[in-house]
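Q: So here's my_file-v2.cif (mmCIF, C-alpha atoms).
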data_input
loop_
_atom_site.label_atom_id
_atom_site.label_comp_id
_atom_site.auth_asym_id
_atom_site.auth_seq_id
_atom_site.Cartn_x
_atom_site.Cartn_y
_atom_site.Cartn_z
CA MET A 275 -39.74 -24.63 -11.15
CA ILE A 276 -37.34 -21.78 -11.78
CA GLN A 277 -34.50 -21.31 -9.35
CA THR A 278 -32.51 -18.13 -9.07
CA MET A 279 -28.86 -18.08 -8.21
CA LYS A 280 -27.69 -15.53 -5.66
CA LEU A 281 -24.18 -14.16 -5.87
CA SER A 282 -22.12 -14.00 -2.72
CA ARG A 283 -20.70 -10.57 -3.48
CA SER A 284 -22.26 -7.39 -4.74
CA TYR A 285 -21.01 -5.97 -8.02
CA ASP A 286 -21.96 -2.42 -7.04
CA ASP A 287 -18.62 -1.87 -5.28
CA GLU A 288 -16.36 -2.81 -8.18
CA THR A 289 -13.00 -1.14 -8.51
CA PRO A 290 -12.40 1.30 -11.37
CA PHE A 291 -9.97 -1.17 -12.96
CA ARG A 292 -12.58 -3.95 -12.85
CA ARG A 293 -15.19 -1.67 -14.47
CA TRP A 294 -12.66 -0.72 -17.19
CA TRP A 295 -11.70 -4.36 -17.72
CA ASN A 296 -15.34 -5.42 -18.10
CA THR A 297 -15.83 -2.89 -20.91
CA ARG A 298 -13.15 -4.61 -23.05
CA THR A 299 -14.08 -7.16 -25.68
CA PHE A 300 -12.71 -10.71 -25.68
CA ILE A 301 -10.11 -9.86 -28.36
CA GLN A 302 -8.96 -6.76 -26.47
CA LYS A 303 -8.55 -8.77 -23.26
CA ARG A 304 -6.52 -11.43 -25.10
CA LEU A 305 -4.30 -8.79 -26.71
CA ILE A 306 -3.66 -7.12 -23.35
CA ARG A 307 -2.76 -10.48 -21.80
CA VAL A 308 -0.42 -11.37 -24.69
CA CYS A 309 1.28 -7.96 -24.45
CA LEU A 310 1.77 -8.40 -20.69
CA THR A 311 3.22 -11.87 -21.28
CA MET A 312 5.65 -10.47 -23.86
CA LEU A 313 6.62 -7.69 -21.45
CA VAL A 314 7.42 -10.23 -18.74
CA MET A 315 9.49 -12.22 -21.23
CA VAL A 316 11.40 -9.09 -22.28
CA ILE A 317 12.27 -8.52 -18.63
CA CYS A 318 13.03 -12.15 -17.69
CA ILE A 319 15.17 -13.27 -20.65
CA PRO A 320 18.00 -10.76 -19.96
CA LEU A 321 17.82 -11.63 -16.26
CA TYR A 322 18.18 -15.30 -17.16
CA TYR A 323 21.29 -14.71 -19.26
CA LEU A 324 22.76 -12.49 -16.53
CA GLY A 325 22.47 -15.49 -14.20
CA PHE A 326 19.76 -14.12 -11.90
CA PHE A 327 17.93 -17.46 -11.65
CA GLY A 328 21.10 -19.43 -10.87
CA SER A 329 21.21 -21.80 -13.86
CA VAL A 330 23.60 -19.71 -16.01
CA GLU A 331 26.92 -18.17 -14.99
CA GLY A 332 26.72 -14.40 -14.94
CA PRO A 333 27.16 -11.35 -12.74
CA LEU A 334 23.77 -11.85 -11.07
CA ASN A 335 24.28 -15.53 -10.27
CA PRO A 336 23.46 -15.98 -6.55
CA THR A 337 26.77 -17.68 -5.73
CA GLN A 338 28.81 -15.02 -7.53
CA LEU A 339 26.68 -12.27 -5.97
CA GLY A 340 27.26 -13.78 -2.52
CA ASP A 341 31.00 -14.00 -3.13
CA THR A 342 31.08 -10.37 -4.29
CA LEU A 343 29.20 -9.20 -1.18
CA ALA A 344 31.45 -11.29 1.08
CA GLY A 345 34.49 -9.75 -0.62
CA MET A 346 33.12 -6.30 0.25
CA GLY A 347 32.85 -7.36 3.92
CA VAL A 348 29.08 -7.81 4.10
CA THR A 349 28.19 -10.47 6.68
CA LYS A 350 24.96 -12.25 7.58
CA THR A 351 24.53 -9.80 10.45
CA HIS A 352 24.63 -6.90 7.99
CA SER A 353 22.01 -8.64 5.87
CA LEU A 354 19.81 -9.22 8.92
CA VAL A 355 20.10 -5.57 9.95
CA ILE A 356 19.18 -4.40 6.44
CA PHE A 357 16.13 -6.67 6.23
CA LEU A 358 15.07 -5.78 9.78
CA SER A 359 15.29 -2.11 8.80
CA PHE A 360 13.12 -2.78 5.74
CA LEU A 361 10.66 -4.65 7.96
CA ILE A 362 10.44 -1.85 10.52
CA ILE A 363 9.97 0.78 7.80
CA ALA A 364 7.36 -1.31 5.98
CA VAL A 365 5.35 -1.86 9.17
CA THR A 366 5.52 1.65 10.62
CA TRP A 367 5.53 4.06 7.64
CA ASN A 368 1.79 4.74 7.75
CA TRP A 369 1.80 5.15 11.56
CA ILE A 370 4.47 7.85 11.23
CA PHE A 371 2.65 9.49 8.30
CA ASN A 372 -0.63 9.52 10.26
CA LEU A 373 1.03 11.00 13.36
CA VAL A 374 2.63 13.76 11.28
CA SER A 375 -0.69 14.39 9.51
CA ILE A 376 -2.49 14.78 12.85
CA ALA A 377 0.26 17.02 14.19
CA ILE A 378 0.11 19.43 11.23
CA GLY A 379 -3.70 19.22 10.95
CA SER A 380 -4.05 17.68 7.50
CA ARG A 381 -6.47 14.93 6.41
CA LEU A 382 -9.20 16.39 8.65
CA THR A 383 -12.82 16.92 7.62
CA CYS A 384 -15.84 18.59 9.20
CA ASN A 385 -18.06 16.25 11.20
CA LYS A 386 -21.10 18.51 11.62
CA THR A 387 -24.19 16.53 10.67
CA GLY A 388 -26.73 18.06 8.34
CA LYS A 389 -30.50 17.73 8.26
CA GLU A 390 -30.27 14.36 6.50
CA GLY A 391 -27.91 13.00 9.16
CA THR A 392 -24.86 12.98 6.89
CA PRO A 393 -21.65 14.71 7.92
CA CYS A 394 -20.49 17.85 6.10
CA GLY A 395 -17.16 16.26 5.07
CA ALA A 396 -15.50 19.49 3.89
CA PRO A 397 -11.78 19.98 4.62
CA VAL A 398 -11.10 21.95 7.80
CA LYS A 399 -8.38 24.27 9.04
CA ARG A 400 -7.24 24.09 12.63
CA THR A 401 -7.00 27.34 14.56
CA LYS A 402 -6.27 28.04 18.22
CA VAL A 403 -8.77 30.02 20.31
CA VAL A 404 -8.58 31.28 23.88
CA HIS A 405 -11.67 30.74 26.04
CA LYS A 406 -12.85 33.97 27.67
CA LYS A 407 -13.91 32.34 30.96
CA THR A 408 -11.07 29.89 31.57
CA GLY A 409 -8.28 31.49 29.53
CA SER A 410 -7.22 28.09 28.19
CA VAL A 411 -6.17 27.55 24.60
CA ALA A 412 -8.20 25.02 22.60
CA PRO A 413 -8.28 23.99 18.95
CA LEU A 414 -11.16 25.13 16.75
CA TYR A 415 -11.80 23.54 13.36
CA VAL A 416 -13.35 25.73 10.66
CA CYS A 417 -14.53 24.17 7.39
CA SER A 418 -14.98 25.84 4.02
CA HIS A 419 -18.76 25.98 4.64
CA GLY A 420 -18.21 28.09 7.77
CA HIS A 421 -18.94 25.43 10.38
CA LYS A 422 -16.95 25.96 13.58
CA ARG A 423 -16.46 22.80 15.62
CA PRO A 424 -14.25 21.79 18.56
CA GLU A 425 -13.43 18.47 16.83
CA ALA A 426 -12.91 17.12 13.33
CA HIS A 427 -12.79 13.70 11.70
CA PHE A 428 -9.34 12.34 10.81
CA HIS A 429 -8.91 10.12 7.75
CA PRO A 430 -5.88 7.87 8.35
CA VAL A 431 -3.82 6.36 5.57
CA LYS A 432 -4.18 2.58 5.58
CA LYS A 433 -1.73 0.04 4.25
CA GLY A 434 -2.57 -1.47 0.90
CA THR A 435 -1.78 -4.81 -0.66
CA PHE A 436 1.68 -3.71 -1.81
CA SER A 437 2.65 -2.50 1.66
CA HIS A 438 1.49 -5.70 3.33
CA THR A 439 3.31 -7.77 0.71
CA LEU A 440 6.49 -5.76 1.31
CA TRP A 441 6.55 -6.30 5.07
CA VAL A 442 5.74 -10.01 4.71
CA ILE A 443 8.61 -10.44 2.21
CA SER A 444 10.94 -8.52 4.55
CA LEU A 445 9.87 -10.76 7.43
CA LEU A 446 10.52 -13.88 5.36
CA PHE A 447 13.98 -12.65 4.40
CA CYS A 448 14.71 -11.88 8.07
CA ILE A 449 13.67 -15.42 9.01
CA ILE A 450 15.80 -16.91 6.21
CA VAL A 451 18.89 -14.89 7.17
CA PHE A 452 18.36 -15.64 10.88
CA TYR A 453 17.96 -19.36 10.10
CA TYR A 454 21.22 -19.42 8.15
CA MET A 455 23.06 -17.47 10.87
CA SER A 456 22.68 -20.35 13.29
#
Would you mind writing the file out in structure tokens?

A:
Amino acid sequence: MIQTMKLSRSYDDETPFRRWWNTRTFIQKRLIRVCLTMLVMVICIPLYYLGFFGSVEGPLNPTQLGDTLAGMGVTKTHSLVIFLSFLIIAVTWNWIFNLVSIAIGSRLTCNKTGKEGTPCGAPVKRTKVVHKKTGSVAPLYVCSHGHKRPEAHFHPVKKGTFSHTLWVISLLFCIIVFYYMS
């Protein structure tokens, strides 16, 4: 009796990096990993001797860095305000970008469906037209294929992994600073 194993995820939707990585041989993958390890070491060894990790005295030692900031008049409240600002920016940057994009009419595509049922998808330009009967002004979206539609499809920018990581780190720092304030 032959049993077949079914995979839980489809490999048709692989990322371009994953497709590139799978074309490398074993030796190439090992060399890339060794080079990345050496690069991390080149970055971390100077940080270690500058005291960044706290075990060696240096200008980046956390206690000396804290004393320097305190000498400049930076308090825990200032730190909390800075990290709260980072948090607010990290959470809302794409909302602001999407609102501005809608306001200026960018990131819009034609939504007229063709014979196959698929949308046109060509970029559109927003123009204003005046209705002859009512006299009201309404937007009209014209695509490069000549389709004229009263509406268009908006493609919003979504947060990626880096953006989510940034706001989570900012939130953690806000919690740490708030915890130490009390």

Q: Can you pull out the residues contacting region 335-350 of chain A? Cut-off 12 Å, using all atoms listed in the file, and skip same-chain residues under 6 positions away; I want them as a list in words.

A: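 So the residues in contact are Leu321, Tyr322, Tyr323, Leu324, Gly325, Phe326, Phe327, Gly328, Ser329, Ile356, Phe357, Phe447, Cys448, Ile449, Ile450, Val451, Phe452, Tyr453, Tyr454, Met455 and Ser456 of chain A.
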
Q: Go ahead and save the residues from that selection, with C-alpha atoms, as a short mmCIF file (atom, residue, chain, number, x, y, z; two decimals), in the coordinates of the input.

A:
data_model
loop_
_atom_site.label_atom_id
_atom_site.label_comp_id
_atom_site.auth_asym_id
_atom_site.auth_seq_id
_atom_site.Cartn_x
_atom_site.Cartn_y
_atom_site.Cartn_z
CA LEU A 321 17.82 -11.63 -16.26
CA TYR A 322 18.18 -15.30 -17.16
CA TYR A 323 21.29 -14.71 -19.26
CA LEU A 324 22.76 -12.49 -16.53
CA GLY A 325 22.47 -15.49 -14.20
CA PHE A 326 19.76 -14.12 -11.90
CA PHE A 327 17.93 -17.46 -11.65
CA GLY A 328 21.10 -19.43 -10.87
CA SER A 329 21.21 -21.80 -13.86
CA ILE A 356 19.18 -4.40 6.44
CA PHE A 357 16.13 -6.67 6.23
CA PHE A 447 13.98 -12.65 4.40
CA CYS A 448 14.71 -11.88 8.07
CA ILE A 449 13.67 -15.42 9.01
CA ILE A 450 15.80 -16.91 6.21
CA VAL A 451 18.89 -14.89 7.17
CA PHE A 452 18.36 -15.64 10.88
CA TYR A 453 17.96 -19.36 10.10
CA TYR A 454 21.22 -19.42 8.15
CA MET A 455 23.06 -17.47 10.87
CA SER A 456 22.68 -20.35 13.29
#

Q: Rank nothing, just name the residue among A:Thr299, A:Thr383, A:Thr439, A:Ser410 nearest to Arg423 (chain A), using all atoms listed in the file.

A: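 Result for the nearest residue to Arg423 (chain A): A:Thr383.
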
Q: Taking into account all atoms listed in the file, which residue in the set A:Ser444, A:Thr297, A:Ser380, A:Thr311 is nearest to Pro397 (chain A)?

A: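 Among A:Ser444, A:Thr297, A:Ser380, A:Thr311, it is A:Ser380 that comes nearest to Pro397 (chain A).
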
Q: I need the residue nearest Phe436 (chain A) from this list: A:Val365, A:Ile370, A:Val404, A:Ile306. Use all atoms listed in the file for the distance.

A: A:Val365

Q: Hey, can you check how far CA of Leu358 (chain A) sits from CA of Gly434 (chain A)?

A: 20.2 Å

Q: Can you list, as an MDAnalysis selection string, the residues that the PyMOL selection byres ((chain A and resi 430) around 8) selects here?

A: chainID A and resid 372 381 428:429 431:432

Q: List the spatial neighbours of Phe360 (chain A) as a PyMOL selection string - criterion: any atom at most 12 Å away, only C-alpha atoms, same-chain residues fewer than 5 positions off excluded.

A: chain A and resi 353-355+365-367+437+440-448

Q: One number please: CA of Tyr415 (chain A) to CA of Ala396 (chain A), in Å, one decimal.

A: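 The value is 10.9 Å.
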
Q: Using all atoms listed in the file, pick whichever of A:Met312, A:Cys394, A:Ala364, A:Val330 has the shortest atom-to-atom distance to His427 (chain A).

A: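 Closest candidate: A:Cys394.
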
Q: Compile the contact shell of Val416 (chain A) as a PyMOL selection string: residues with an atom at most 6 Å away, counting all atoms listed in the file, same-chain residues fewer than 3 positions apart removed.

A: chain A and resi 398-399+421-422

Q: Record the distance separating CA of Leu382 (chain A) and CA of Thr401 (chain A), expressed in Å with one decimal.

A: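 We find that CA of Leu382 (chain A) and CA of Thr401 (chain A) lie 12.6 Å from each other.
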
Q: Counting all atoms listed in the file, which residue out of A:Gln302, A:Ser418, A:Thr435, A:Ser359 sits closest to Cys384 (chain A)?

A: A:Ser418
